[in-house]
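Notes follow the structure.
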Amino acid sequence: MSSSETQVRTELHAMYHAHHGWLSGWLRGRVGCSQRAQDLAQDTFVRVMTHRRNDEPLREPRAFLTRVAHSLMINQWRRESIERAYLDALAARPEVHAPSPESQALVLESLIEIDRLLSRLRPRVRDAFLMAQLDGLTYAQIGEKLGVSDRMVRKYMAQAMLQCLTAEADA
Amino acid sequence: MGRSAATLDPQAAEQAAEWFARLGGEDVSDEDLRRWLAWLEQLPAHREAWSRVESLSGRLRGLRDPASREAMNAAGRSRRKILQALGLFAVSAPLAWLASSRLPWREWTADARTKVGETRELRLADGGRLWLDTHSAVSVDYGHDLRRIELHRGALLVRTAPDPQSPARPLVVDARDARLRAIGTYFSVRQDEADSVLAVFEGAVEIQLRDGSATRRIEAGEQVRFDGHRIGAAVTAQPAQLAWSRGMLVADDQRLEDFLRELSRYRADPVRCAAEVADLRLVGAYPFHDFERTLAAVARALPVDVVADADGGYRLVPRR
């Protein structure tokens, strides 16, 4: 372990002691459930620990922690909203077509992952990308729906794919 | 936590995304295709970036059911609401992605097979790469003095790597009718019912028929047909023998009937055509995993209509 890594670790320890209680309280106020707030606080520190490599000491640790906690909260909500929408949609269909629980779980993981990869795209670009990839529409058909040229649709496709590749590599 | 140990080169990623967008369009020309293949061949970073594009498109294809589509719509709506409420963008969360299309070789011997419609890329123990085409099966056996790949069925493409062991063991592909010895190389073999095709893209391959009646050296850029008794004359290696490993079926002025026979290799149900249109000529690159898009593209390129048959198959008929 290099000296800078040791330094980061020491700093994280100090941050945990100084802010963990405070962060749990802050989260409790937002999610309204103390067990869930505890879990989120824990996840936040794990996240900070695995992702922070910078030598610079944090000047405003609480602002940083709340930013990370916020994003975890949003991801959890989105995870839940995808799960709910997927299960609702399955429930609305005849049972004979229902996939097995195992394949449902795989599809859900996949949905959440793809949604995460697409999460930074502009809504328009995301829509265009999904129309091509999930609905199998041609660029011309997508262009017509969105009121843009085929060329623009092609640009959207490239943007969306690049964003996915980058987001996946960063994970 | 990335799915591959290799890093993603930002410039290669950008170009791969551009190619993805271009090849997904309706007007892919022969020239586009040649340039894309040349780009792929240019650098390992390009191939790495492209394999990620393919893995992503594969996962997206797995979500083409109404329930998944609805869930993605709902996610989009709720996302917009949350962002509006909070006025910030989410930081992406780390999520282990397990369902990778690549299987690492656990040992020095392995068997691998693909189902109809499936293609797969495998990493060999020496760092080389092996691609399996639809409905194919191989055994890999890296032994004491030979690196041996046995092709039981279908087609493979292999990019060899130098043997880490010294002295270096030869790498051979044992096909039904011949043994192919790699000489620092990149080549494909496809075994059909009557005969087989060997296409060499880099280096050279020495082909020796099983019965010992003929041996010949095939150089980069050449392609030959062979069966149990003879090796045919060398012709120019066809991009089609390579393009399948990237999910593309290439028609280079091909008869429609021949193209559909190729396409049907990737499907449980055949695609046929009426005799009146069988001789129409087709040019272009078609993503065979995306069957609907491929059929639609063919119907745009030629004066044909697509008809669904009662048995689940499809038929192309003259356009009315």
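In the structure tokens, chains take letters A, B, ... by order of appearance, with residues numbered from 1 within each chain and ligands from 1 in the order shown.
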
Practice problem: Just the residues within 12 Å of Glu26 of chain B, please, counting only C-alpha atoms, with nothing from its chain fewer than 4 positions along; format it as a PyMOL selection string. | Solution: (chain A and resi 132+136-141+150-151+153-154) or (chain B and resi 21-22+32+284-287+293-301)

Limited to N, CA and C atoms, could you put the picked residues into a file as a PDB file, in the first residue's frame?
```pdb
ATOM      1  N   ALA A 132     -34.723   2.439 -31.031  1.00  0.00           N
ATOM      2  CA  ALA A 132     -33.956   1.649 -31.997  1.00  0.00           C
ATOM      3  C   ALA A 132     -33.633   0.274 -31.427  1.00  0.00           C
ATOM      4  N   GLY A 136     -36.903  -1.743 -32.218  1.00  0.00           N
ATOM      5  CA  GLY A 136     -36.483  -2.092 -33.572  1.00  0.00           C
ATOM      6  C   GLY A 136     -36.916  -1.105 -34.637  1.00  0.00           C
ATOM      7  N   LEU A 137     -37.135   0.161 -34.245  1.00  0.00           N
ATOM      8  CA  LEU A 137     -37.530   1.163 -35.254  1.00  0.00           C
ATOM      9  C   LEU A 137     -36.316   1.598 -36.069  1.00  0.00           C
ATOM     10  N   THR A 138     -36.559   2.015 -37.302  1.00  0.00           N
ATOM     11  CA  THR A 138     -35.475   2.517 -38.140  1.00  0.00           C
ATOM     12  C   THR A 138     -35.188   3.965 -37.750  1.00  0.00           C
ATOM     13  N   TYR A 139     -34.025   4.463 -38.183  1.00  0.00           N
ATOM     14  CA  TYR A 139     -33.667   5.845 -37.869  1.00  0.00           C
ATOM     15  C   TYR A 139     -34.713   6.807 -38.442  1.00  0.00           C
ATOM     16  N   ALA A 140     -35.210   6.468 -39.636  1.00  0.00           N
ATOM     17  CA  ALA A 140     -36.209   7.346 -40.270  1.00  0.00           C
ATOM     18  C   ALA A 140     -37.480   7.394 -39.421  1.00  0.00           C
ATOM     19  N   GLN A 141     -37.905   6.238 -38.934  1.00  0.00           N
ATOM     20  CA  GLN A 141     -39.120   6.194 -38.103  1.00  0.00           C
ATOM     21  C   GLN A 141     -38.920   6.969 -36.793  1.00  0.00           C
ATOM     22  N   ASP A 150     -32.706  12.050 -39.885  1.00  0.00           N
ATOM     23  CA  ASP A 150     -32.038  10.749 -39.702  1.00  0.00           C
ATOM     24  C   ASP A 150     -30.623  10.952 -39.189  1.00  0.00           C
ATOM     25  N   ARG A 151     -29.988  11.976 -39.743  1.00  0.00           N
ATOM     26  CA  ARG A 151     -28.605  12.255 -39.341  1.00  0.00           C
ATOM     27  C   ARG A 151     -28.518  12.514 -37.845  1.00  0.00           C
ATOM     28  N   VAL A 153     -30.618  11.438 -35.609  1.00  0.00           N
ATOM     29  CA  VAL A 153     -30.868  10.175 -34.902  1.00  0.00           C
ATOM     30  C   VAL A 153     -29.576   9.366 -34.822  1.00  0.00           C
ATOM     31  N   ARG A 154     -28.838   9.364 -35.930  1.00  0.00           N
ATOM     32  CA  ARG A 154     -27.576   8.622 -35.926  1.00  0.00           C
ATOM     33  C   ARG A 154     -26.617   9.207 -34.879  1.00  0.00           C
TER      34      ARG A 154
ATOM     35  N   ALA B  21     -23.427   3.374 -34.621  1.00  0.00           N
ATOM     36  CA  ALA B  21     -24.508   4.221 -35.125  1.00  0.00           C
ATOM     37  C   ALA B  21     -24.640   4.074 -36.639  1.00  0.00           C
ATOM     38  N   ARG B  22     -23.500   4.010 -37.306  1.00  0.00           N
ATOM     39  CA  ARG B  22     -23.538   3.922 -38.765  1.00  0.00           C
ATOM     40  C   ARG B  22     -24.084   2.578 -39.229  1.00  0.00           C
ATOM     41  N   ASP B  32     -18.680   1.187 -46.555  1.00  0.00           N
ATOM     42  CA  ASP B  32     -18.739   1.350 -45.094  1.00  0.00           C
ATOM     43  C   ASP B  32     -18.196   0.102 -44.430  1.00  0.00           C
ATOM     44  N   GLY B 284     -24.345  -5.784 -48.968  1.00  0.00           N
ATOM     45  CA  GLY B 284     -24.481  -5.100 -47.680  1.00  0.00           C
ATOM     46  C   GLY B 284     -24.085  -5.965 -46.510  1.00  0.00           C
ATOM     47  N   ALA B 285     -24.146  -5.348 -45.320  1.00  0.00           N
ATOM     48  CA  ALA B 285     -23.824  -6.060 -44.079  1.00  0.00           C
ATOM     49  C   ALA B 285     -25.060  -6.071 -43.215  1.00  0.00           C
ATOM     50  N   TYR B 286     -25.393  -7.230 -42.687  1.00  0.00           N
ATOM     51  CA  TYR B 286     -26.634  -7.358 -41.941  1.00  0.00           C
ATOM     52  C   TYR B 286     -26.373  -7.972 -40.571  1.00  0.00           C
ATOM     53  N   PRO B 287     -26.891  -7.333 -39.516  1.00  0.00           N
ATOM     54  CA  PRO B 287     -26.691  -7.862 -38.169  1.00  0.00           C
ATOM     55  C   PRO B 287     -27.615  -9.058 -37.935  1.00  0.00           C
ATOM     56  N   ARG B 293     -34.684  -6.674 -38.029  1.00  0.00           N
ATOM     57  CA  ARG B 293     -34.067  -5.556 -38.728  1.00  0.00           C
ATOM     58  C   ARG B 293     -33.421  -6.022 -40.030  1.00  0.00           C
ATOM     59  N   THR B 294     -32.806  -7.185 -39.985  1.00  0.00           N
ATOM     60  CA  THR B 294     -32.163  -7.708 -41.179  1.00  0.00           C
ATOM     61  C   THR B 294     -33.189  -7.958 -42.284  1.00  0.00           C
ATOM     62  N   LEU B 295     -34.298  -8.592 -41.917  1.00  0.00           N
ATOM     63  CA  LEU B 295     -35.323  -8.848 -42.938  1.00  0.00           C
ATOM     64  C   LEU B 295     -35.876  -7.542 -43.500  1.00  0.00           C
ATOM     65  N   ALA B 296     -36.098  -6.587 -42.602  1.00  0.00           N
ATOM     66  CA  ALA B 296     -36.632  -5.295 -43.051  1.00  0.00           C
ATOM     67  C   ALA B 296     -35.645  -4.611 -43.995  1.00  0.00           C
ATOM     68  N   ALA B 297     -34.349  -4.732 -43.674  1.00  0.00           N
ATOM     69  CA  ALA B 297     -33.333  -4.093 -44.515  1.00  0.00           C
ATOM     70  C   ALA B 297     -33.283  -4.753 -45.891  1.00  0.00           C
ATOM     71  N   VAL B 298     -33.425  -6.073 -45.925  1.00  0.00           N
ATOM     72  CA  VAL B 298     -33.428  -6.780 -47.207  1.00  0.00           C
ATOM     73  C   VAL B 298     -34.643  -6.346 -48.034  1.00  0.00           C
ATOM     74  N   ALA B 299     -35.780  -6.205 -47.354  1.00  0.00           N
ATOM     75  CA  ALA B 299     -36.995  -5.812 -48.055  1.00  0.00           C
ATOM     76  C   ALA B 299     -36.897  -4.376 -48.581  1.00  0.00           C
ATOM     77  N   ARG B 300     -36.043  -3.564 -47.953  1.00  0.00           N
ATOM     78  CA  ARG B 300     -35.850  -2.210 -48.471  1.00  0.00           C
ATOM     79  C   ARG B 300     -34.882  -2.213 -49.648  1.00  0.00           C
ATOM     80  N   ALA B 301     -33.895  -3.131 -49.575  1.00  0.00           N
ATOM     81  CA  ALA B 301     -32.858  -3.145 -50.611  1.00  0.00           C
ATOM     82  C   ALA B 301     -33.362  -3.783 -51.906  1.00  0.00           C
TER      83      ALA B 301
END
```

Practice problem: Kindly provide, as a VMD selection string, the residues of chain A having any atom no farther than 8 Å from an atom of chain B, counting only C-alpha atoms. | Solution: chain A and resid 68 70 to 72 74 to 75 78 81 to 87 89 to 90 107 110 to 111 113 to 117 119 to 120 123 133 to 136 138 to 139 154 to 155 157 to 159 161 to 162 165 to 171

Exercise. Rounded to one decimal place, report the atom CA of Pro164 of chain B-atom CA of Asp177 of chain B distance in Å.
Key: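 Distance reported for this atom pair: 29.1 Å.
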
Quiz item: Which residue out of B:Asp279, B:Glu150, B:Asp195, B:Glu222 has the minimum interatomic distance to Asp174 of chain B when only C-alpha atoms are used?
Solution: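 Ranked by minimum distance to Asp174 of chain B, first place goes to B:Glu150.
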
Exercise. May I have all residues of segment 85-297 of chain B that DSSP, computed from the backbone, assigns to helix (DSSP H, G or I), given as a VMD selection string?
Key: chain B and resid 85 to 86 240 to 246 256 to 264 275 to 277 291 to 297

Output file for the residues above (C-alpha atoms, as a compact mmCIF listing (two decimals), in the first residue's frame):
```
# COMPACT_ATOMS: atom_id res chain seq x y z
CA ALA B 85 -37.50 17.53 -7.74
CA LEU B 86 -33.87 17.45 -6.72
CA ALA B 240 -17.84 -12.78 -44.78
CA GLN B 241 -15.64 -15.47 -43.22
CA LEU B 242 -14.59 -12.93 -40.60
CA ALA B 243 -17.61 -10.68 -40.24
CA TRP B 244 -19.79 -13.25 -38.48
CA SER B 245 -17.51 -13.03 -35.46
CA ARG B 246 -18.64 -9.39 -35.20
CA LEU B 256 -30.85 -13.78 -52.35
CA GLU B 257 -31.45 -17.50 -51.96
CA ASP B 258 -27.83 -18.07 -50.89
CA PHE B 259 -28.00 -15.17 -48.48
CA LEU B 260 -31.18 -16.53 -46.89
CA ARG B 261 -29.58 -19.94 -46.51
CA GLU B 262 -26.77 -18.26 -44.57
CA LEU B 263 -29.22 -16.26 -42.48
CA SER B 264 -31.18 -19.42 -41.69
CA ALA B 275 -38.31 -18.81 -57.11
CA GLU B 276 -38.96 -15.48 -58.91
CA VAL B 277 -36.74 -13.58 -56.50
CA PHE B 291 -33.37 -10.79 -37.32
CA GLU B 292 -36.33 -8.43 -37.80
CA ARG B 293 -34.07 -5.56 -38.73
CA THR B 294 -32.16 -7.71 -41.18
CA LEU B 295 -35.32 -8.85 -42.94
CA ALA B 296 -36.63 -5.29 -43.05
CA ALA B 297 -33.33 -4.09 -44.52
```

Practice problem: Considering only C-alpha atoms, return as number ranges by chain whatever protein or nucleic-acid residues lie within 12 Å of segment 20-33 of chain A, sequence-local ones (same chain, fewer than 3 positions apart) excluded. | Solution: A: 12-17, 36-46, 61-74, 76-77

Quiz prompt | Exercise: Ala220 of chain B partners within 8 Å, only C-alpha atoms, chain neighbours under 6 positions left out, as a list in words | solution = Val200, Phe201, Glu202, Gly203 and Ala204 of chain B

Store the residues of this selection in a file with all heavy atoms, as an mmCIF file, in the first residue's frame.
```cif
data_model
loop_
_atom_site.group_PDB
_atom_site.id
_atom_site.type_symbol
_atom_site.label_atom_id
_atom_site.label_comp_id
_atom_site.auth_asym_id
_atom_site.auth_seq_id
_atom_site.Cartn_x
_atom_site.Cartn_y
_atom_site.Cartn_z
ATOM 1 N N VAL B 200 -7.678 -17.423 -44.566
ATOM 2 C CA VAL B 200 -6.542 -16.948 -43.770
ATOM 3 C C VAL B 200 -6.439 -15.430 -43.910
ATOM 4 O O VAL B 200 -6.408 -14.908 -45.023
ATOM 5 C CB VAL B 200 -5.230 -17.620 -44.232
ATOM 6 C CG1 VAL B 200 -4.062 -17.173 -43.370
ATOM 7 C CG2 VAL B 200 -5.371 -19.138 -44.185
ATOM 8 N N PHE B 201 -6.423 -14.722 -42.769
ATOM 9 C CA PHE B 201 -6.403 -13.257 -42.803
ATOM 10 C C PHE B 201 -5.041 -12.682 -42.441
ATOM 11 O O PHE B 201 -4.701 -11.582 -42.823
ATOM 12 C CB PHE B 201 -7.494 -12.703 -41.890
ATOM 13 C CG PHE B 201 -8.857 -13.176 -42.294
ATOM 14 C CD1 PHE B 201 -9.470 -14.232 -41.640
ATOM 15 C CD2 PHE B 201 -9.493 -12.619 -43.380
ATOM 16 C CE1 PHE B 201 -10.699 -14.703 -42.044
ATOM 17 C CE2 PHE B 201 -10.728 -13.079 -43.797
ATOM 18 C CZ PHE B 201 -11.336 -14.120 -43.129
ATOM 19 N N GLU B 202 -4.273 -13.423 -41.649
ATOM 20 C CA GLU B 202 -2.908 -12.998 -41.315
ATOM 21 C C GLU B 202 -2.035 -14.237 -41.221
ATOM 22 O O GLU B 202 -2.536 -15.315 -40.905
ATOM 23 C CB GLU B 202 -2.880 -12.297 -39.947
ATOM 24 C CG GLU B 202 -3.314 -10.848 -39.979
ATOM 25 C CD GLU B 202 -3.467 -10.279 -38.571
ATOM 26 O OE1 GLU B 202 -2.799 -10.771 -37.650
ATOM 27 O OE2 GLU B 202 -4.274 -9.354 -38.414
ATOM 28 N N GLY B 203 -0.738 -14.055 -41.421
ATOM 29 C CA GLY B 203 0.178 -15.192 -41.310
ATOM 30 C C GLY B 203 -0.101 -16.230 -42.374
ATOM 31 O O GLY B 203 -0.404 -15.884 -43.522
ATOM 32 N N ALA B 204 -0.029 -17.489 -42.002
ATOM 33 C CA ALA B 204 -0.280 -18.574 -42.956
ATOM 34 C C ALA B 204 -0.761 -19.794 -42.196
ATOM 35 O O ALA B 204 -0.607 -19.875 -40.988
ATOM 36 C CB ALA B 204 1.003 -18.888 -43.723
#
```
